[in-house]
>>> print(open('coords-v2.tsv').read())   # TSV, C-alpha atoms
chain	number	residue	atom	x	y	z
A	1	MET	CA	-179.65	113.83	-173.24
A	2	LYS	CA	-179.55	117.58	-173.17
A	3	ALA	CA	-179.98	119.99	-176.04
A	4	LEU	CA	-178.24	123.23	-176.89
A	5	GLY	CA	-181.31	124.92	-178.28
A	6	ARG	CA	-184.93	124.90	-179.34
A	7	HIS	CA	-186.24	125.60	-182.82
A	8	ILE	CA	-189.85	126.31	-183.69
A	9	ILE	CA	-190.73	125.87	-187.36
A	10	ALA	CA	-194.05	127.65	-187.86
A	11	GLU	CA	-196.54	127.95	-190.68
A	12	PHE	CA	-198.73	131.05	-190.51
A	13	TYR	CA	-201.88	130.92	-192.63
A	14	ASP	CA	-204.56	133.49	-193.31
A	15	CYS	CA	-202.35	136.41	-192.33
A	16	ASP	CA	-203.05	140.01	-193.30
A	17	SER	CA	-201.61	140.15	-196.83
A	18	ASN	CA	-201.09	143.91	-196.68
A	19	ILE	CA	-198.75	143.41	-193.73
A	20	LEU	CA	-196.92	140.56	-195.49
A	21	LYS	CA	-196.21	142.89	-198.43
A	22	ASP	CA	-194.77	145.65	-196.25
A	23	THR	CA	-191.06	145.04	-195.61
A	24	GLN	CA	-190.69	147.78	-193.03
A	25	LEU	CA	-193.66	146.53	-191.04
A	26	VAL	CA	-192.47	142.92	-191.21
A	27	GLU	CA	-189.02	143.98	-190.02
A	28	THR	CA	-190.50	146.04	-187.18
A	29	TYR	CA	-192.66	143.11	-186.06
A	30	MET	CA	-189.78	140.62	-186.28
A	31	LYS	CA	-187.57	142.87	-184.15
A	32	ARG	CA	-190.38	143.34	-181.68
A	33	ALA	CA	-190.80	139.55	-181.49
A	34	ALA	CA	-187.08	139.10	-180.82
A	35	ILE	CA	-187.16	141.68	-178.04
A	36	GLU	CA	-190.37	140.28	-176.54
A	37	CYS	CA	-188.81	136.83	-176.18
A	38	GLY	CA	-185.78	138.41	-174.48
A	39	ALA	CA	-183.28	137.94	-177.32
A	40	THR	CA	-180.32	140.20	-178.05
A	41	ILE	CA	-180.40	141.41	-181.67
A	42	VAL	CA	-177.02	141.28	-183.39
A	43	GLU	CA	-177.89	142.04	-187.01
A	44	SER	CA	-180.79	141.94	-189.43
A	45	ALA	CA	-181.18	141.59	-193.17
A	46	PHE	CA	-184.51	142.13	-194.93
A	47	HIS	CA	-185.36	142.10	-198.62
A	48	THR	CA	-188.34	142.89	-200.76
A	49	PHE	CA	-188.91	140.62	-203.71
A	50	ASN	CA	-190.46	141.36	-207.04
A	51	PRO	CA	-193.34	140.83	-207.70
A	52	TYR	CA	-194.00	140.59	-203.96
A	53	GLY	CA	-192.86	138.95	-200.78
A	54	VAL	CA	-190.44	139.67	-197.97
A	55	SER	CA	-187.50	137.62	-196.73
A	56	GLY	CA	-185.86	138.57	-193.49
A	57	VAL	CA	-183.46	137.18	-190.97
A	58	ILE	CA	-182.47	138.51	-187.58
A	59	VAL	CA	-179.28	137.12	-186.12
A	60	ILE	CA	-179.58	137.13	-182.33
A	61	ALA	CA	-176.95	136.31	-179.72
A	62	GLU	CA	-179.03	133.19	-179.07
A	63	SER	CA	-179.30	132.03	-182.75
A	64	HIS	CA	-181.84	133.47	-185.24
A	65	LEU	CA	-185.32	134.39	-186.37
A	66	ALA	CA	-186.29	134.06	-190.04
A	67	ILE	CA	-189.38	134.90	-192.07
A	68	HIS	CA	-190.44	134.45	-195.68
A	69	THR	CA	-193.80	135.81	-196.78
A	70	TRP	CA	-196.07	134.92	-199.69
A	71	PRO	CA	-198.68	137.72	-199.58
A	72	GLU	CA	-200.56	136.14	-202.52
A	73	TYR	CA	-201.34	133.15	-200.29
A	74	SER	CA	-201.60	135.12	-197.02
A	75	TYR	CA	-198.89	132.74	-195.84
A	76	ALA	CA	-195.64	133.24	-193.93
A	77	ALA	CA	-192.95	130.71	-193.05
A	78	VAL	CA	-191.48	131.61	-189.66
A	79	ASP	CA	-188.51	130.11	-187.80
A	80	VAL	CA	-187.35	130.94	-184.32
A	81	PHE	CA	-184.23	129.17	-183.06
A	82	THR	CA	-182.90	130.03	-179.59
A	83	CYS	CA	-180.14	128.48	-177.55
A	84	GLY	CA	-179.97	128.39	-173.78
A	85	ASP	CA	-182.70	128.14	-171.19
A	86	GLU	CA	-183.19	131.81	-170.53
A	87	ILE	CA	-185.48	132.68	-173.40
A	88	ASP	CA	-188.47	130.93	-174.93
A	89	PRO	CA	-188.89	130.92	-178.74
A	90	GLN	CA	-192.63	130.47	-178.27
A	91	ASP	CA	-192.86	134.04	-176.98
A	92	ALA	CA	-191.54	135.31	-180.33
A	93	ILE	CA	-193.95	133.07	-182.25
A	94	ASN	CA	-196.90	134.32	-180.19
A	95	SER	CA	-195.88	137.92	-180.81
A	96	LEU	CA	-195.77	137.34	-184.58
A	97	ILE	CA	-199.09	135.46	-184.70
A	98	GLU	CA	-200.65	138.58	-183.22
A	99	SER	CA	-198.80	141.18	-185.30
A	100	LEU	CA	-199.20	139.39	-188.65
A	101	LYS	CA	-202.84	138.62	-187.75
A	102	ALA	CA	-202.45	134.92	-188.54
A	103	LYS	CA	-205.85	133.29	-188.19
A	104	ASP	CA	-204.41	129.79	-188.47
A	105	SER	CA	-201.00	128.35	-187.68
A	106	LYS	CA	-199.23	125.11	-187.15
A	107	MET	CA	-195.82	124.54	-185.71
A	108	VAL	CA	-193.22	121.95	-184.96
A	109	ASN	CA	-190.97	122.20	-181.90
A	110	MET	CA	-187.54	120.69	-182.32
A	111	LEU	CA	-184.58	120.28	-180.02
A	112	ARG	CA	-181.29	121.25	-181.66
A	113	GLY	CA	-177.86	119.98	-180.67
A	114	GLU	CA	-178.77	116.95	-178.63
A	115	LEU	CA	-175.42	115.80	-177.33
A	116	LYS	CA	-174.73	112.36	-175.96
A	117	ASN	CA	-172.31	111.65	-173.14
A	118	GLN	CA	-171.45	115.27	-172.59
A	119	ASP	CA	-172.47	117.89	-170.12
A	120	VAL	CA	-173.97	120.76	-171.97
A	121	LEU	CA	-172.86	124.13	-170.78
A	122	HIS	CA	-175.39	126.76	-171.71
A	123	HIS	CA	-173.17	129.72	-172.25
A	124	LYS	CA	-174.56	132.95	-173.51
A	125	PRO	CA	-171.94	134.95	-175.38
A	126	ILE	CA	-170.70	137.78	-173.24
A	127	GLU	CA	-169.55	139.90	-176.10
A	128	VAL	CA	-170.71	139.98	-179.67
A	129	LYS	CA	-167.98	140.77	-182.14
A	130	SER	CA	-168.81	141.71	-185.71
A	131	VAL	CA	-166.56	140.49	-188.50
B	1	MET	CA	-201.56	119.40	-201.49
B	2	LYS	CA	-198.57	121.23	-202.84
B	3	ALA	CA	-195.83	122.99	-200.92
B	4	LEU	CA	-194.03	126.26	-201.56
B	5	GLY	CA	-190.67	125.05	-200.30
B	6	ARG	CA	-188.50	122.47	-198.63
B	7	HIS	CA	-186.57	122.92	-195.41
B	8	ILE	CA	-183.81	120.62	-194.19
B	9	ILE	CA	-183.00	120.93	-190.49
B	10	ALA	CA	-179.62	119.27	-190.03
B	11	GLU	CA	-177.47	118.33	-187.05
B	12	PHE	CA	-173.76	118.00	-187.85
B	13	TYR	CA	-171.73	116.09	-185.26
B	14	ASP	CA	-168.02	115.39	-185.00
B	15	CYS	CA	-167.07	118.25	-187.29
B	16	ASP	CA	-163.59	119.75	-187.47
B	17	SER	CA	-163.62	122.17	-184.52
B	18	ASN	CA	-160.91	124.35	-186.02
B	19	ILE	CA	-163.14	125.02	-189.00
B	20	LEU	CA	-166.15	125.71	-186.77
B	21	LYS	CA	-164.13	128.41	-184.96
B	22	ASP	CA	-163.11	130.17	-188.16
B	23	THR	CA	-165.77	132.64	-189.21
B	24	GLN	CA	-164.24	133.41	-192.59
B	25	LEU	CA	-163.96	129.74	-193.48
B	26	VAL	CA	-167.52	129.03	-192.33
B	27	GLU	CA	-168.80	131.94	-194.42
B	28	THR	CA	-166.83	130.76	-197.45
B	29	TYR	CA	-168.20	127.24	-197.11
B	30	MET	CA	-171.76	128.45	-196.61
B	31	LYS	CA	-171.59	130.61	-199.74
B	32	ARG	CA	-170.09	127.72	-201.67
B	33	ALA	CA	-172.95	125.50	-200.50
B	34	ALA	CA	-175.51	128.07	-201.63
B	35	ILE	CA	-173.90	128.31	-205.05
B	36	GLU	CA	-173.51	124.54	-205.38
B	37	CYS	CA	-177.24	124.03	-204.85
B	38	GLY	CA	-177.97	126.66	-207.50
B	39	ALA	CA	-179.22	129.40	-205.18
B	40	THR	CA	-178.91	133.13	-205.78
B	41	ILE	CA	-177.21	134.86	-202.86
B	42	VAL	CA	-178.87	138.12	-201.83
B	43	GLU	CA	-177.10	138.99	-198.58
B	44	SER	CA	-175.13	137.40	-195.79
B	45	ALA	CA	-174.52	138.19	-192.14
B	46	PHE	CA	-171.91	136.35	-190.07
B	47	HIS	CA	-170.77	136.89	-186.50
B	48	THR	CA	-168.08	135.55	-184.23
B	49	PHE	CA	-169.06	134.99	-180.64
B	50	ASN	CA	-166.98	135.19	-177.53
B	51	PRO	CA	-165.67	132.82	-176.22
B	52	TYR	CA	-166.19	130.93	-179.48
B	53	GLY	CA	-168.76	130.02	-182.07
B	54	VAL	CA	-170.03	131.37	-185.36
B	55	SER	CA	-173.56	132.35	-186.36
B	56	GLY	CA	-174.30	133.06	-189.98
B	57	VAL	CA	-177.22	133.48	-192.28
B	58	ILE	CA	-177.32	133.77	-196.05
B	59	VAL	CA	-180.50	135.21	-197.50
B	60	ILE	CA	-181.01	133.70	-200.95
B	61	ALA	CA	-183.61	134.56	-203.57
B	62	GLU	CA	-185.10	131.15	-202.75
B	63	SER	CA	-185.23	131.62	-198.91
B	64	HIS	CA	-182.19	131.09	-196.62
B	65	LEU	CA	-179.29	129.08	-195.25
B	66	ALA	CA	-178.33	129.37	-191.58
B	67	ILE	CA	-175.57	127.95	-189.41
B	68	HIS	CA	-174.68	128.08	-185.73
B	69	THR	CA	-171.50	126.39	-184.55
B	70	TRP	CA	-170.42	125.10	-181.13
B	71	PRO	CA	-166.73	124.30	-181.69
B	72	GLU	CA	-166.42	123.01	-178.12
B	73	TYR	CA	-168.81	120.18	-179.03
B	74	SER	CA	-167.67	119.82	-182.68
B	75	TYR	CA	-171.33	120.48	-183.45
B	76	ALA	CA	-173.07	122.71	-185.99
B	77	ALA	CA	-176.79	123.37	-186.45
B	78	VAL	CA	-177.50	123.86	-190.15
B	79	ASP	CA	-180.72	124.92	-191.90
B	80	VAL	CA	-181.33	125.10	-195.62
B	81	PHE	CA	-184.73	126.35	-196.75
B	82	THR	CA	-185.41	126.67	-200.49
B	83	CYS	CA	-188.57	127.48	-202.37
B	84	GLY	CA	-189.45	126.30	-205.84
B	85	ASP	CA	-188.60	123.11	-207.68
B	86	GLU	CA	-185.46	124.27	-209.42
B	87	ILE	CA	-182.96	123.79	-206.64
B	88	ASP	CA	-182.44	121.02	-204.09
B	89	PRO	CA	-181.51	121.96	-200.49
B	90	GLN	CA	-179.89	118.54	-200.08
B	91	ASP	CA	-177.10	119.66	-202.42
B	92	ALA	CA	-176.18	122.47	-200.01
B	93	ILE	CA	-176.31	120.09	-197.04
B	94	ASN	CA	-174.03	117.60	-198.80
B	95	SER	CA	-171.56	120.36	-199.64
B	96	LEU	CA	-171.41	121.44	-195.97
B	97	ILE	CA	-171.04	117.88	-194.64
B	98	GLU	CA	-167.94	117.63	-196.75
B	99	SER	CA	-166.47	121.07	-196.05
B	100	LEU	CA	-167.08	121.00	-192.27
B	101	LYS	CA	-165.85	117.39	-192.18
B	102	ALA	CA	-168.91	116.18	-190.28
B	103	LYS	CA	-168.42	112.51	-189.43
B	104	ASP	CA	-171.99	112.11	-188.25
B	105	SER	CA	-175.20	113.91	-189.14
B	106	LYS	CA	-178.92	113.61	-188.87
B	107	MET	CA	-181.53	115.62	-190.63
B	108	VAL	CA	-185.22	116.23	-190.94
B	109	ASN	CA	-186.82	117.14	-194.27
B	110	MET	CA	-189.89	119.32	-193.99
B	111	LEU	CA	-192.30	120.76	-196.51
B	112	ARG	CA	-193.04	124.43	-195.93
B	113	GLY	CA	-196.16	126.28	-197.05
B	114	GLU	CA	-198.48	123.40	-197.76
B	115	LEU	CA	-201.52	125.11	-199.19
B	116	LYS	CA	-204.96	123.57	-199.40
B	117	ASN	CA	-207.39	124.23	-202.22
B	118	GLN	CA	-205.03	126.48	-204.09
B	119	ASP	CA	-202.81	126.10	-207.07
B	120	VAL	CA	-199.30	126.89	-206.05
B	121	LEU	CA	-197.38	129.02	-208.51
B	122	HIS	CA	-193.68	128.53	-208.05
B	123	HIS	CA	-192.44	131.95	-208.94
B	124	LYS	CA	-188.82	132.81	-208.58
B	125	PRO	CA	-188.34	136.52	-207.99
B	126	ILE	CA	-187.10	138.21	-211.14
B	127	GLU	CA	-185.46	141.11	-209.41
B	128	VAL	CA	-184.11	141.40	-205.91
B	129	LYS	CA	-184.51	144.82	-204.40
B	130	SER	CA	-182.63	145.77	-201.25
B	131	VAL	CA	-184.34	147.89	-198.65
>>> encode(input="coords-v2.tsv", output="structure tokens")
Amino acid sequence: MKALGRHIIAEFYDCDSNILKDTQLVETYMKRAAIECGATIVESAFHTFNPYGVSGVIVIAESHLAIHTWPEYSYAAVDVFTCGDEIDPQDAINSLIESLKAKDSKMVNMLRGELKNQDVLHHKPIEVKSV
Amino acid sequence: MKALGRHIIAEFYDCDSNILKDTQLVETYMKRAAIECGATIVESAFHTFNPYGVSGVIVIAESHLAIHTWPEYSYAAVDVFTCGDEIDPQDAINSLIESLKAKDSKMVNMLRGELKNQDVLHHKPIEVKSV
């Protein structure tokens, strides 16, 4: 059985809370993580919440990266989902562990799109068309 | 140990491929799913890929919904991550199973942000501020 993609669901503990509060920094680090794992960024959406916390998603040609931060707990929930064999979501996770200064983390690796009785063609979109 | 949120990672098989190709329909159904589970939509980003396929993310005040479709395999990867106790991500999943006409599905329920030795305050942001 082959899979279309890989998804890492990561829990980052004991991060630098000042970074987790800073939307621009979080966005910069998320984009850096996407680039460092070789992804092609299509679009991003980041928001600052009141009283605190950042939510952000980067749509990549190969799926997405998402983050939600709780600065009051020095905690961030991070997801990196990539399709195809060419890029490794772990590279993005490693980049974020370093940039968010997470002292502790745990993660689950999942295969997405396990297809039975079919040959999986790993196609990377040639052209990205906004709608 | 308490958790900040719940995340359902869902695999939708044998969906209606014509729906999975249609970015506007997929976006409509994703927004409907967000509303049906009681979420507050903050922003959405959807893209059509060449040769086919839709990627879309809805940032909600309570975290996010994401979808990636492979019409050629009648398959969609769906994620619904919600924080707090007030809304149930399963409601959004059920809505999408129906609207995408998924004949088969499997899903994993995960707790996100399990915090030790701390009281977890489930705060819902009062005000959403774009950046």
>>> residues_around(input="coords-v2.tsv", residues="range 5-13 of chain A", least_positions_apart="6", cutoff="7 Å", atoms="all atoms listed in the file", output="PyMOL selection string")
(chain A and resi 74-84+89+102-113) or (chain B and resi 113)
>>> residues_near_point(input="coords-v2.tsv", point="(-187.6, 141.0, -180.8)", cutoff="10 Å", atoms="all atoms listed in the file", output="ChimeraX atom specification")
/A:27-41,58,60,65,91-92,95-96
>>> closest_residue(input="coords-v2.tsv", among="A:Leu115, A:Leu100, A:Leu20, A:Val26", to="chain B", atoms="all atoms listed in the file")
A:Leu115
>>> atom_distance(input="coords-v2.tsv", atom1="CA of Gly56 in chain A", atom2="CA of Trp70 in chain B")
23.9 Å
>>> atom_distance(input="coords-v2.tsv", atom1="CA of Ile87 in chain A", atom2="CA of Lys21 in chain A")
29.1 Å
>>> closest_residue(input="coords-v2.tsv", among="A:Gln24, A:Val57, A:Lys116, A:Asp88", to="Tyr73 in chain B", atoms="all atoms listed in the file")
A:Lys116
>>> decode(input="coords-v2.tsv", residues="range 85-110 of chain A", atoms="N, CA, C and O atoms", output="short mmCIF file (atom, residue, chain, number, x, y, z; two decimals), in the first residue's frame")
data_model
loop_
_atom_site.label_atom_id
_atom_site.label_comp_id
_atom_site.auth_asym_id
_atom_site.auth_seq_id
_atom_site.Cartn_x
_atom_site.Cartn_y
_atom_site.Cartn_z
N ASP A 85 7.29 12.46 -2.67
CA ASP A 85 8.50 11.91 -2.04
C ASP A 85 9.64 12.90 -2.01
O ASP A 85 10.69 12.63 -1.42
N GLU A 86 9.44 14.05 -2.65
CA GLU A 86 10.59 14.92 -2.86
C GLU A 86 10.96 15.75 -1.64
O GLU A 86 12.11 16.15 -1.50
N ILE A 87 9.99 16.00 -0.77
CA ILE A 87 10.32 16.81 0.40
C ILE A 87 9.94 16.07 1.68
O ILE A 87 9.07 15.20 1.68
N ASP A 88 10.63 16.44 2.75
CA ASP A 88 10.46 15.72 4.02
C ASP A 88 9.89 16.68 5.07
O ASP A 88 10.54 17.66 5.44
N PRO A 89 8.67 16.40 5.58
CA PRO A 89 8.07 17.31 6.56
C PRO A 89 8.90 17.45 7.83
O PRO A 89 8.82 18.47 8.52
N GLN A 90 9.73 16.44 8.12
CA GLN A 90 10.55 16.51 9.32
C GLN A 90 11.52 17.68 9.27
O GLN A 90 11.87 18.26 10.31
N ASP A 91 11.96 18.05 8.08
CA ASP A 91 12.88 19.18 7.94
C ASP A 91 12.21 20.47 8.43
O ASP A 91 12.85 21.32 9.05
N ALA A 92 10.91 20.63 8.11
CA ALA A 92 10.19 21.82 8.56
C ALA A 92 10.00 21.79 10.08
O ALA A 92 10.14 22.82 10.76
N ILE A 93 9.69 20.62 10.60
CA ILE A 93 9.53 20.48 12.06
C ILE A 93 10.84 20.84 12.77
O ILE A 93 10.83 21.60 13.76
N ASN A 94 11.94 20.31 12.27
CA ASN A 94 13.24 20.58 12.91
C ASN A 94 13.57 22.07 12.88
O ASN A 94 14.09 22.63 13.87
N SER A 95 13.24 22.72 11.77
CA SER A 95 13.49 24.16 11.65
C SER A 95 12.69 24.93 12.71
O SER A 95 13.21 25.84 13.37
N LEU A 96 11.43 24.52 12.92
CA LEU A 96 10.57 25.23 13.88
C LEU A 96 10.96 24.94 15.33
O LEU A 96 10.84 25.81 16.19
N ILE A 97 11.40 23.73 15.60
CA ILE A 97 11.86 23.42 16.97
C ILE A 97 12.98 24.39 17.34
O ILE A 97 13.01 24.94 18.45
N GLU A 98 13.85 24.64 16.38
CA GLU A 98 14.99 25.53 16.63
C GLU A 98 14.52 26.99 16.74
O GLU A 98 14.87 27.69 17.69
N SER A 99 13.68 27.42 15.80
CA SER A 99 13.33 28.85 15.79
C SER A 99 12.38 29.24 16.92
O SER A 99 12.44 30.36 17.42
N LEU A 100 11.51 28.32 17.34
CA LEU A 100 10.60 28.63 18.45
C LEU A 100 11.22 28.28 19.81
O LEU A 100 10.60 28.47 20.85
N LYS A 101 12.43 27.73 19.74
CA LYS A 101 13.20 27.37 20.96
C LYS A 101 12.42 26.40 21.85
O LYS A 101 12.36 26.58 23.08
N ALA A 102 11.82 25.40 21.20
CA ALA A 102 11.07 24.39 21.94
C ALA A 102 12.04 23.46 22.67
O ALA A 102 12.86 22.81 22.04
N LYS A 103 11.91 23.43 24.01
CA LYS A 103 12.82 22.58 24.78
C LYS A 103 12.32 21.15 24.84
O LYS A 103 13.07 20.24 25.20
N ASP A 104 11.04 20.95 24.56
CA ASP A 104 10.47 19.61 24.60
C ASP A 104 9.46 19.50 23.46
O ASP A 104 8.78 20.48 23.13
N SER A 105 9.38 18.34 22.87
CA SER A 105 8.40 18.15 21.80
C SER A 105 8.02 16.69 21.71
O SER A 105 8.77 15.82 22.14
N LYS A 106 6.83 16.46 21.20
CA LYS A 106 6.49 15.08 20.84
C LYS A 106 5.73 15.14 19.52
O LYS A 106 5.08 16.15 19.22
N MET A 107 5.84 14.08 18.76
CA MET A 107 5.18 14.14 17.46
C MET A 107 4.73 12.78 17.01
O MET A 107 5.25 11.76 17.43
N VAL A 108 3.71 12.82 16.16
CA VAL A 108 3.16 11.61 15.57
C VAL A 108 3.32 11.74 14.06
O VAL A 108 2.99 12.77 13.48
N ASN A 109 3.87 10.71 13.45
CA ASN A 109 4.00 10.65 11.99
C ASN A 109 2.87 9.82 11.41
O ASN A 109 2.69 8.67 11.82
N MET A 110 2.13 10.39 10.49
CA MET A 110 1.03 9.64 9.88
C MET A 110 1.18 9.61 8.37
O MET A 110 1.64 10.58 7.76
#
